[in-house]
Number of protein chains: 2
Amino acid sequence: MAAEDSSAPTRIMVAVNESTIKGYPHASISSRGAFDWTLSKIVRTNTSGFKLLFLHVQVPDEDGFDDMDSIYASPEDFKTMKRRDKIRGLHLLEYFVNHCHEIGVACEAWIKIGDPKEVICHEATRVQPDFLVLGSRGLGPFQKVFVGTVSEFCVKHADCPVIAIKRDASENPQDPVDD
Amino acid sequence: MAAEDSSAPTRIMVAVNESTIKGYPHASISSRGAFDWTLSKIVRTNTSGFKLLFLHVQVPDEDGFDDMDSIYASPEDFKTMKRRDKIRGLHLLEYFVNHCHEIGVACEAWIKIGDPKEVICHEATRVQPDFLVLGSRGLGPFQKVFVGTVSEFCVKHADCPVIAIKRDASENPQDPVDD
């Protein structure tokens, strides 16, 4: 048992998203990497000294590609779709919350909708974590032009310290944009 | 007493420098801020779980302003000057090492000479810390153009995760370039 910390736990916000290949409920390689890194390098055995705050930002499905085959006949259909998206997001967060629960680390998790980089910065201002951990795909300069990086934006604009954790090279999929 | 961590301690490299106003042996406001932040938010009571690696990069005194009144009559004079610089750097590191010793956190400290941003990245590659903590003066975009920021460079180029800790606004001197 670790000695009790007298002060309030360090609040670490971790932004998580789903795999670009496998989709919900699978966490992206970089989200899992950032989470595992936080536990093994920061929290370590001091489970009572930290609280993890998981934010998942859902991107509105603007081109509706995933729902090409759906038929929308009533307002209810759209509600169903939104409800389904929310359930998918909850399944993603379940992975992180369950793991924290197993090892005894306090946590909270929530979902927001919007542009991830903007929402993450907005939530950092609102929630005021001690710092923010972001998984990063470790893209090269050429790939960044097309994909952009949430972490670069947040390092510059978030109201709190930010640490970006690049994926292990060994975990890179064939196309590094996949995650 | 904290529970013993079974794995090797997390190695945190902290780059430190002297105050731009007070000079040696005084640590800059942002170095002290980054150090205090690391202890209170990361190490907390888990003193055996972490090892701090303090790097101080000395900038060669190119214009020799500090030594305007010195007279160099022999090669020995230059050696004396270099020795004096080294001693000043050691006094700076003493502050951090003493503090770690008092609270029982393992540490190492060393001095390198060169361009801080280049040397910090080089040493990060050589030493392979788990992450790097940098103090930052939190300059605005206008000031950055003239001063540049070591932290921005290291976030982009260092081989390990980097977290930049901005000074508390309350600690900002009248001119934020002073530190």
# chains A, B, ... in the order shown; residues from 1 in each chain; ligands from 1
call {"tool": "interface_residues", "arguments": {"of": "chain A", "to": "chain B", "cutoff": "9 Å", "atoms": "only C-alpha atoms", "output": "CSV table (one decimal) with N, CA and C atoms, in the first residue's frame"}}
result
chain,number,residue,atom,x,y,z
A,1,MET,N,0.9,-1.2,0.0
A,1,MET,CA,0.0,0.0,0.0
A,1,MET,C,0.9,1.3,0.0
A,2,ALA,N,0.6,2.2,-0.9
A,2,ALA,CA,1.4,3.4,-1.0
A,2,ALA,C,1.1,4.3,0.2
A,3,ALA,N,2.0,5.1,0.6
A,3,ALA,CA,1.7,6.1,1.7
A,3,ALA,C,0.7,7.0,1.2
A,4,GLU,N,-0.1,7.5,2.1
A,4,GLU,CA,-1.2,8.5,1.6
A,4,GLU,C,-0.6,9.8,1.3
A,5,ASP,N,-1.0,10.4,0.2
A,5,ASP,CA,-0.6,11.7,-0.1
A,5,ASP,C,-1.6,12.7,0.6
A,6,SER,N,-1.0,13.7,1.2
A,6,SER,CA,-1.8,14.6,2.0
A,6,SER,C,-2.6,15.5,1.1
A,7,SER,N,-2.0,15.9,0.0
A,7,SER,CA,-2.6,16.9,-0.9
A,7,SER,C,-3.6,16.2,-1.9
A,9,PRO,N,-5.2,14.7,-5.2
A,9,PRO,CA,-4.5,13.9,-6.2
A,9,PRO,C,-4.2,14.8,-7.5
A,10,THR,N,-3.2,14.4,-8.2
A,10,THR,CA,-2.8,15.1,-9.4
A,10,THR,C,-3.8,14.7,-10.5
A,11,ARG,N,-4.5,15.6,-11.1
A,11,ARG,CA,-5.5,15.3,-12.1
A,11,ARG,C,-5.0,15.4,-13.5
A,40,SER,N,2.3,3.5,-16.2
A,40,SER,CA,3.6,2.8,-15.9
A,40,SER,C,4.6,3.8,-15.5
A,41,LYS,N,4.6,5.1,-16.1
A,41,LYS,CA,5.6,6.0,-15.9
A,41,LYS,C,5.3,7.1,-14.9
A,42,ILE,N,4.0,7.4,-14.7
A,42,ILE,CA,3.6,8.5,-13.8
A,42,ILE,C,2.9,7.9,-12.5
A,43,VAL,N,1.8,7.2,-12.7
A,43,VAL,CA,1.1,6.7,-11.6
A,43,VAL,C,1.9,5.7,-10.8
A,44,ARG,N,2.5,4.7,-11.5
A,44,ARG,CA,3.2,3.6,-10.9
A,44,ARG,C,2.4,3.0,-9.8
A,45,THR,N,3.0,2.9,-8.6
A,45,THR,CA,2.3,2.2,-7.5
A,45,THR,C,1.5,3.2,-6.7
A,46,ASN,N,1.6,4.5,-7.0
A,46,ASN,CA,1.0,5.5,-6.2
A,46,ASN,C,-0.5,5.8,-6.7
A,49,GLY,N,-2.6,8.7,-5.6
A,49,GLY,CA,-2.0,10.1,-5.8
A,49,GLY,C,-2.5,10.7,-7.1
A,50,PHE,N,-3.3,10.0,-7.9
A,50,PHE,CA,-3.7,10.5,-9.2
A,50,PHE,C,-5.2,10.3,-9.5
A,130,ASP,N,-4.2,19.1,-14.0
A,130,ASP,CA,-2.8,19.5,-13.8
A,130,ASP,C,-2.0,19.4,-15.1
A,131,PHE,N,-2.3,18.4,-15.9
A,131,PHE,CA,-1.7,18.3,-17.2
A,131,PHE,C,-2.6,17.4,-18.1
A,152,GLU,N,-0.1,18.8,-31.7
A,152,GLU,CA,0.7,20.0,-32.0
A,152,GLU,C,-0.2,21.2,-31.6
A,155,VAL,N,-0.6,21.4,-27.7
A,155,VAL,CA,0.7,21.9,-27.1
A,155,VAL,C,0.7,23.4,-27.1
A,156,LYS,N,0.3,24.0,-28.3
A,156,LYS,CA,0.4,25.4,-28.4
A,156,LYS,C,-0.8,26.1,-27.7
A,160,CYS,N,-3.1,24.3,-20.1
A,160,CYS,CA,-2.3,23.5,-19.1
A,160,CYS,C,-1.1,22.8,-19.8
A,161,PRO,N,-0.2,22.3,-19.0
A,161,PRO,CA,0.9,21.6,-19.6
A,161,PRO,C,0.4,20.4,-20.4
A,162,VAL,N,1.1,20.1,-21.5
A,162,VAL,CA,0.6,19.0,-22.4
A,162,VAL,C,1.8,18.1,-22.7
A,163,ILE,N,1.6,16.8,-22.6
A,163,ILE,CA,2.6,15.8,-23.0
A,163,ILE,C,2.1,14.9,-24.0
A,164,ALA,N,2.8,14.9,-25.2
A,164,ALA,CA,2.3,14.0,-26.3
A,164,ALA,C,3.2,12.7,-26.3
A,165,ILE,N,2.5,11.6,-26.3
A,165,ILE,CA,3.2,10.3,-26.2
A,165,ILE,C,3.1,9.7,-27.6
A,166,LYS,N,4.2,9.5,-28.3
A,166,LYS,CA,4.2,8.9,-29.6
A,166,LYS,C,4.1,7.4,-29.4
call {"tool": "residues_around", "arguments": {"residues": "B:Glu108", "least_positions_apart": "5", "cutoff": "8 Å", "atoms": "only C-alpha atoms", "output": "PyMOL selection string"}}
result
chain B and resi 51-54+97
call {"tool": "atom_distance", "arguments": {"atom1": "atom CA of A:Val150", "atom2": "atom CA of A:Pro116"}}
result
7.1 Å
call {"tool": "residues_around", "arguments": {"residues": "A:Ile111", "least_positions_apart": "2", "cutoff": "6 Å", "atoms": "only C-alpha atoms", "output": "list of chain:residue names"}}
result
A:Leu55, A:His56, A:Val57
call {"tool": "residues_around", "arguments": {"residues": "A:Glu118", "least_positions_apart": "4", "cutoff": "12 Å", "atoms": "only C-alpha atoms", "output": "number ranges by chain"}}
result
A: 57-59, 112-114, 122-125, 149-159
call {"tool": "closest_residue", "arguments": {"among": "A:Phe78, A:Ala27, A:Ile21, A:Thr47", "to": "A:Ala106", "atoms": "only C-alpha atoms"}}
result
A:Thr47
call {"tool": "select_by_dssp", "arguments": {"residues": "chain A", "states": "strand (DSSP E or B)", "output": "VMD selection string"}}
result
chain A and resid 10 to 16 18 to 19 23 to 27 50 to 58 106 to 113 131 to 136 162 to 166
call {"tool": "residues_around", "arguments": {"residues": "B:Tyr24", "least_positions_apart": "5", "cutoff": "7 Å", "atoms": "only C-alpha atoms", "output": "PyMOL selection string"}}
result
chain B and resi 18-19+88+92
call {"tool": "write_last_selection", "arguments": {"atoms": "N, CA, C and O atoms", "output": "tab-separated table (two decimals), in the first residue's frame"}}
result
chain	number	residue	atom	x	y	z
B	18	GLU	N	20.31	29.32	-15.19
B	18	GLU	CA	20.44	30.35	-14.17
B	18	GLU	C	19.50	31.51	-14.49
B	18	GLU	O	19.04	31.67	-15.61
B	19	SER	N	19.25	32.33	-13.49
B	19	SER	CA	18.38	33.49	-13.66
B	19	SER	C	19.00	34.49	-14.63
B	19	SER	O	20.20	34.78	-14.55
B	88	ARG	N	30.58	28.00	-11.34
B	88	ARG	CA	29.28	28.67	-11.28
B	88	ARG	C	28.15	27.71	-11.63
B	88	ARG	O	27.09	27.70	-11.00
B	92	LEU	N	24.83	26.15	-9.35
B	92	LEU	CA	23.42	26.12	-9.78
B	92	LEU	C	22.85	24.72	-9.55
B	92	LEU	O	21.78	24.55	-8.97
